[in-house]
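Undergrad: Provided herewith: query24.csv, CSV, C-alpha atoms.
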```csv
chain,number,residue,atom,x,y,z
K,1,ARG,CA,0.0,0.0,0.0
K,2,ASP,CA,2.8,2.4,0.8
K,3,LEU,CA,4.3,1.8,-2.6
K,4,VAL,CA,1.0,2.6,-4.3
K,5,ARG,CA,0.6,5.7,-2.2
K,6,ARG,CA,4.1,6.9,-3.1
K,7,GLY,CA,3.4,6.2,-6.7
K,8,ARG,CA,0.1,8.3,-6.6
K,9,ASP,CA,2.0,11.1,-4.8
K,10,GLN,CA,4.6,11.2,-7.5
K,11,LEU,CA,2.0,11.2,-10.3
K,12,ASP,CA,0.1,14.0,-8.5
K,13,ARG,CA,3.3,16.0,-8.1
K,14,ALA,CA,4.2,15.5,-11.8
K,15,ALA,CA,0.7,16.6,-12.8
K,16,ARG,CA,1.0,19.8,-10.6
K,17,ALA,CA,4.4,20.5,-12.1
K,18,ASP,CA,3.1,20.1,-15.7
K,19,THR,CA,0.1,22.4,-15.0
K,20,ALA,CA,2.4,25.0,-13.3
K,21,LEU,CA,4.9,24.8,-16.2
K,22,ALA,CA,2.1,25.3,-18.8
K,23,ASN,CA,0.7,28.2,-16.8
K,24,GLY,CA,4.2,29.7,-16.5
K,25,ILE,CA,4.9,29.5,-20.2
K,26,GLY,CA,1.5,31.0,-21.0
K,27,ALA,CA,2.1,33.9,-18.6
K,28,LEU,CA,5.6,34.4,-20.1
K,29,TYR,CA,4.2,34.7,-23.6
K,30,GLU,CA,1.6,37.1,-22.3
K,31,LYS,CA,4.4,39.1,-20.7
K,32,ASN,CA,3.0,38.7,-17.3
K,33,TYR,CA,6.4,38.0,-15.8
K,34,ALA,CA,5.4,38.0,-12.1
K,35,VAL,CA,2.8,35.3,-12.7
K,36,ALA,CA,5.2,33.3,-14.9
K,37,ALA,CA,7.9,33.3,-12.3
K,38,THR,CA,5.5,32.2,-9.6
K,39,ALA,CA,4.2,29.3,-11.7
K,40,LEU,CA,7.6,28.3,-12.9
K,41,ASN,CA,8.9,28.3,-9.4
K,42,ALA,CA,6.0,26.1,-8.4
K,43,SER,CA,6.8,23.7,-11.2
K,44,ILE,CA,10.5,23.5,-10.1
K,45,ALA,CA,9.4,23.0,-6.4
K,46,ALA,CA,7.3,20.0,-7.5
K,47,THR,CA,9.9,18.5,-9.8
K,48,PRO,CA,13.3,20.2,-9.4
K,49,ASP,CA,15.1,18.1,-12.0
K,50,ARG,CA,13.0,19.4,-14.9
K,51,GLY,CA,15.4,21.4,-17.1
K,52,ASP,CA,12.7,22.9,-19.2
K,53,ALA,CA,11.1,24.6,-16.2
K,54,HIS,CA,14.5,26.1,-15.3
K,55,TYR,CA,15.0,27.3,-18.8
K,56,TYR,CA,11.6,29.1,-18.9
K,57,LEU,CA,12.3,30.6,-15.5
K,58,GLY,CA,15.6,31.8,-17.0
K,59,LEU,CA,13.7,33.5,-19.9
K,60,THR,CA,11.3,35.1,-17.4
K,61,ARG,CA,14.2,36.4,-15.2
K,62,PHE,CA,16.0,37.7,-18.3
K,63,MET,CA,12.8,39.6,-19.4
K,64,GLN,CA,12.6,41.0,-15.9
K,65,GLY,CA,16.2,42.3,-16.1
K,66,ARG,CA,17.4,39.8,-13.5
K,67,ASN,CA,20.4,38.7,-15.5
K,68,GLU,CA,22.4,37.0,-12.8
K,69,ASP,CA,19.4,35.0,-11.8
K,70,ALA,CA,18.7,34.2,-15.5
K,71,ALA,CA,22.3,32.9,-15.8
K,72,VAL,CA,21.7,30.6,-12.8
K,73,SER,CA,18.5,29.3,-14.2
K,74,TYR,CA,20.0,28.6,-17.7
K,75,ALA,CA,22.9,26.8,-16.1
K,76,GLN,CA,20.5,24.7,-14.0
K,77,ALA,CA,18.5,23.9,-17.1
K,78,ILE,CA,21.6,22.6,-18.8
K,79,GLN,CA,22.7,20.8,-15.6
K,80,HIS,CA,19.3,19.0,-15.6
K,81,GLY,CA,19.7,17.8,-19.2
K,82,TYR,CA,18.0,20.6,-21.2
K,83,THR,CA,20.9,21.0,-23.5
K,84,VAL,CA,19.5,22.0,-26.9
K,85,PRO,CA,21.8,24.5,-28.6
K,86,GLU,CA,19.3,27.4,-28.2
K,87,VAL,CA,19.3,26.9,-24.4
K,88,VAL,CA,23.1,26.9,-24.3
K,89,GLU,CA,23.1,30.0,-26.5
K,90,CYS,CA,20.7,31.8,-24.1
K,91,LEU,CA,23.2,31.2,-21.3
K,92,GLY,CA,25.9,32.7,-23.6
K,93,ASP,CA,23.7,35.7,-24.4
K,94,VAL,CA,23.1,36.5,-20.7
K,95,LEU,CA,26.8,36.1,-19.9
K,96,THR,CA,27.5,38.6,-22.7
K,97,VAL,CA,25.0,41.0,-21.1
K,98,LEU,CA,26.8,40.5,-17.8
K,99,GLY,CA,30.1,41.4,-19.5
K,100,ARG,CA,31.5,37.9,-19.0
K,101,ASP,CA,32.6,37.5,-22.6
K,102,GLU,CA,35.3,34.8,-21.9
K,103,ASP,CA,32.6,32.6,-20.3
K,104,ALA,CA,30.2,33.4,-23.2
K,105,ILE,CA,32.9,32.3,-25.7
K,106,GLU,CA,33.1,28.9,-24.0
K,107,THR,CA,29.4,28.6,-23.9
K,108,TYR,CA,28.9,29.5,-27.5
K,109,ARG,CA,31.5,27.0,-28.5
K,110,ALA,CA,29.7,24.3,-26.5
K,111,ALA,CA,26.4,25.2,-28.3
K,112,LEU,CA,28.2,25.1,-31.7
K,113,ALA,CA,29.7,21.7,-30.9
K,114,ARG,CA,26.1,20.4,-30.5
K,115,ARG,CA,24.8,22.0,-33.7
K,116,PRO,CA,26.5,24.6,-35.8
K,117,SER,CA,24.4,27.5,-36.9
K,118,PRO,CA,25.0,30.8,-38.6
K,119,HIS,CA,23.6,32.7,-35.7
K,120,GLY,CA,25.7,30.7,-33.2
K,121,TRP,CA,28.9,31.4,-35.2
K,122,ALA,CA,28.0,35.1,-35.4
K,123,ARG,CA,27.4,35.3,-31.7
K,124,LEU,CA,30.8,33.7,-31.1
K,125,ALA,CA,32.4,36.1,-33.5
K,126,GLU,CA,31.0,39.1,-31.6
K,127,ALA,CA,32.2,37.7,-28.3
K,128,TYR,CA,35.7,37.2,-29.8
K,129,ALA,CA,35.7,40.8,-31.1
K,130,ARG,CA,34.7,42.2,-27.7
K,131,VAL,CA,37.7,40.5,-26.0
K,132,GLY,CA,40.1,41.7,-28.8
K,133,GLN,CA,40.6,38.3,-30.5
K,134,ARG,CA,40.3,39.7,-34.0
K,135,SER,CA,41.6,36.7,-36.1
K,136,GLU,CA,39.2,34.4,-34.2
K,137,ALA,CA,36.4,36.8,-34.7
K,138,VAL,CA,37.0,37.0,-38.5
K,139,ALA,CA,37.2,33.2,-38.8
K,140,ALA,CA,34.0,32.8,-36.9
K,141,TYR,CA,32.2,35.4,-39.0
K,142,LYS,CA,33.5,33.6,-42.1
K,143,ARG,CA,32.1,30.3,-40.8
K,144,ALA,CA,28.7,32.1,-40.1
K,145,LEU,CA,28.6,33.3,-43.7
K,146,GLN,CA,29.5,29.9,-45.1
K,147,LEU,CA,26.7,28.3,-43.2
K,148,ARG,CA,24.3,31.0,-44.2
K,149,LEU,CA,25.2,30.7,-47.9
K,150,ALA,CA,25.0,26.9,-47.7
K,151,GLY,CA,21.4,27.3,-46.2
K,152,VAL,CA,20.4,29.7,-49.0
K,153,ALA,CA,21.9,27.3,-51.6
K,154,ALA,CA,20.0,24.4,-50.2
K,155,LEU,CA,16.7,26.4,-50.6
K,156,HIS,CA,17.5,27.0,-54.3
K,157,ASP,CA,19.2,23.6,-55.1
K,158,ILE,CA,22.5,25.2,-55.8
K,159,PRO,CA,25.4,22.8,-55.5
K,160,ALA,CA,27.5,23.4,-52.3
K,161,ASP,CA,30.8,23.8,-54.2
K,162,GLU,CA,29.3,26.8,-56.0
K,163,VAL,CA,28.8,28.7,-52.7
K,164,GLU,CA,32.0,28.0,-50.9
K,165,PRO,CA,34.0,31.2,-50.7
K,166,GLU,CA,37.6,31.1,-52.0
K,167,GLN,CA,40.2,30.5,-49.3
K,168,ASP,CA,42.6,33.3,-48.5
```
Let me see the structure of the file written as structure tokens.
TA:
Amino acid sequence: RDLVRRGRDQLDRAARADTALANGIGALYEKNYAVAATALNASIAATPDRGDAHYYLGLTRFMQGRNEDAAVSYAQAIQHGYTVPEVVECLGDVLTVLGRDEDAIETYRAALARRPSPHGWARLAEAYARVGQRSEAVAAYKRALQLRLAGVAALHDIPADEVEPEQD
């Protein structure tokens, strides 16, 4: 009986967490950040290991201008397995806002290792430029452009070798 009761308690807690997460996301999109934060914190309290709840709390905190708290939430989201490149890039973005460009560079590189994207390479290039690493910035901007051109070429069925820029 105790096992059944514990199972029901876990299901109830998960259901409350799902409802709170949905309410938090809805409030976030409605720009009702105080309600979003309350709901997302309730979701995290019910199931602390849900990375998606930490991520949305990070977005909410970022929108509230609570950048240090947003960085903590994004890091917790990643720690709890919510590691899609966009989440990792959000951490890099808030680190940039906080003036922690060296940390942002490492974060952007981690996101790019998961999935290269033109936007990710451009963000990395900007961070390199801010810390005075000009050659790295130029190389990252070139990679962003190459990926962007490859994406455009794919839309128009242009062979990839026709969009590769000449090497210096």
Undergrad: If we count all atoms listed in the file, what is near Ala71 of chain K at a cut-off of 9 Å, once residues fewer than 6 positions away on the same chain are taken out, given as a short mmCIF file (atom, residue, chain, number, x, y, z; two decimals) with C-alpha atoms, keeping the file's coordinate frame?
TA:
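Done, and the output landed in around.cif:
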```cif
data_model
loop_
_atom_site.label_atom_id
_atom_site.label_comp_id
_atom_site.auth_asym_id
_atom_site.auth_seq_id
_atom_site.Cartn_x
_atom_site.Cartn_y
_atom_site.Cartn_z
CA GLY K 58 15.60 31.80 -17.00
CA ARG K 61 14.20 36.40 -15.20
CA PHE K 62 16.00 37.70 -18.30
CA CYS K 90 20.70 31.80 -24.10
CA LEU K 91 23.20 31.20 -21.30
CA GLY K 92 25.90 32.70 -23.60
CA VAL K 94 23.10 36.50 -20.70
CA LEU K 95 26.80 36.10 -19.90
#
```
Undergrad: Between atom CA of Thr38 of chain K and atom CA of Gln79 of chain K, what is the distance in Å, rounded to a tenth?
TA: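 Computing the Euclidean distance for atom CA of Thr38 of chain K and atom CA of Gln79 of chain K yields 21.5 Å.
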Undergrad: List the spatial neighbours of Leu21 of chain K as a PyMOL selection string - criterion: any atom at most 7 Å away, all atoms listed in the file, same-chain residues fewer than 4 positions off excluded.
TA: chain K and resi 17+25+39-40+43+53
Undergrad: For Arg130 of chain K, which residue out of K:Arg109, K:Arg8, K:Arg100, K:Arg148 is the nearest one, using all atoms listed in the file?
TA: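 Under the stated criterion, the closest residue is K:Arg100.
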Undergrad: Just how far from atom CA of Ala129 of chain K is atom CA of Gly99 of chain K, in Å to one decimal?
TA: 12.9 Å
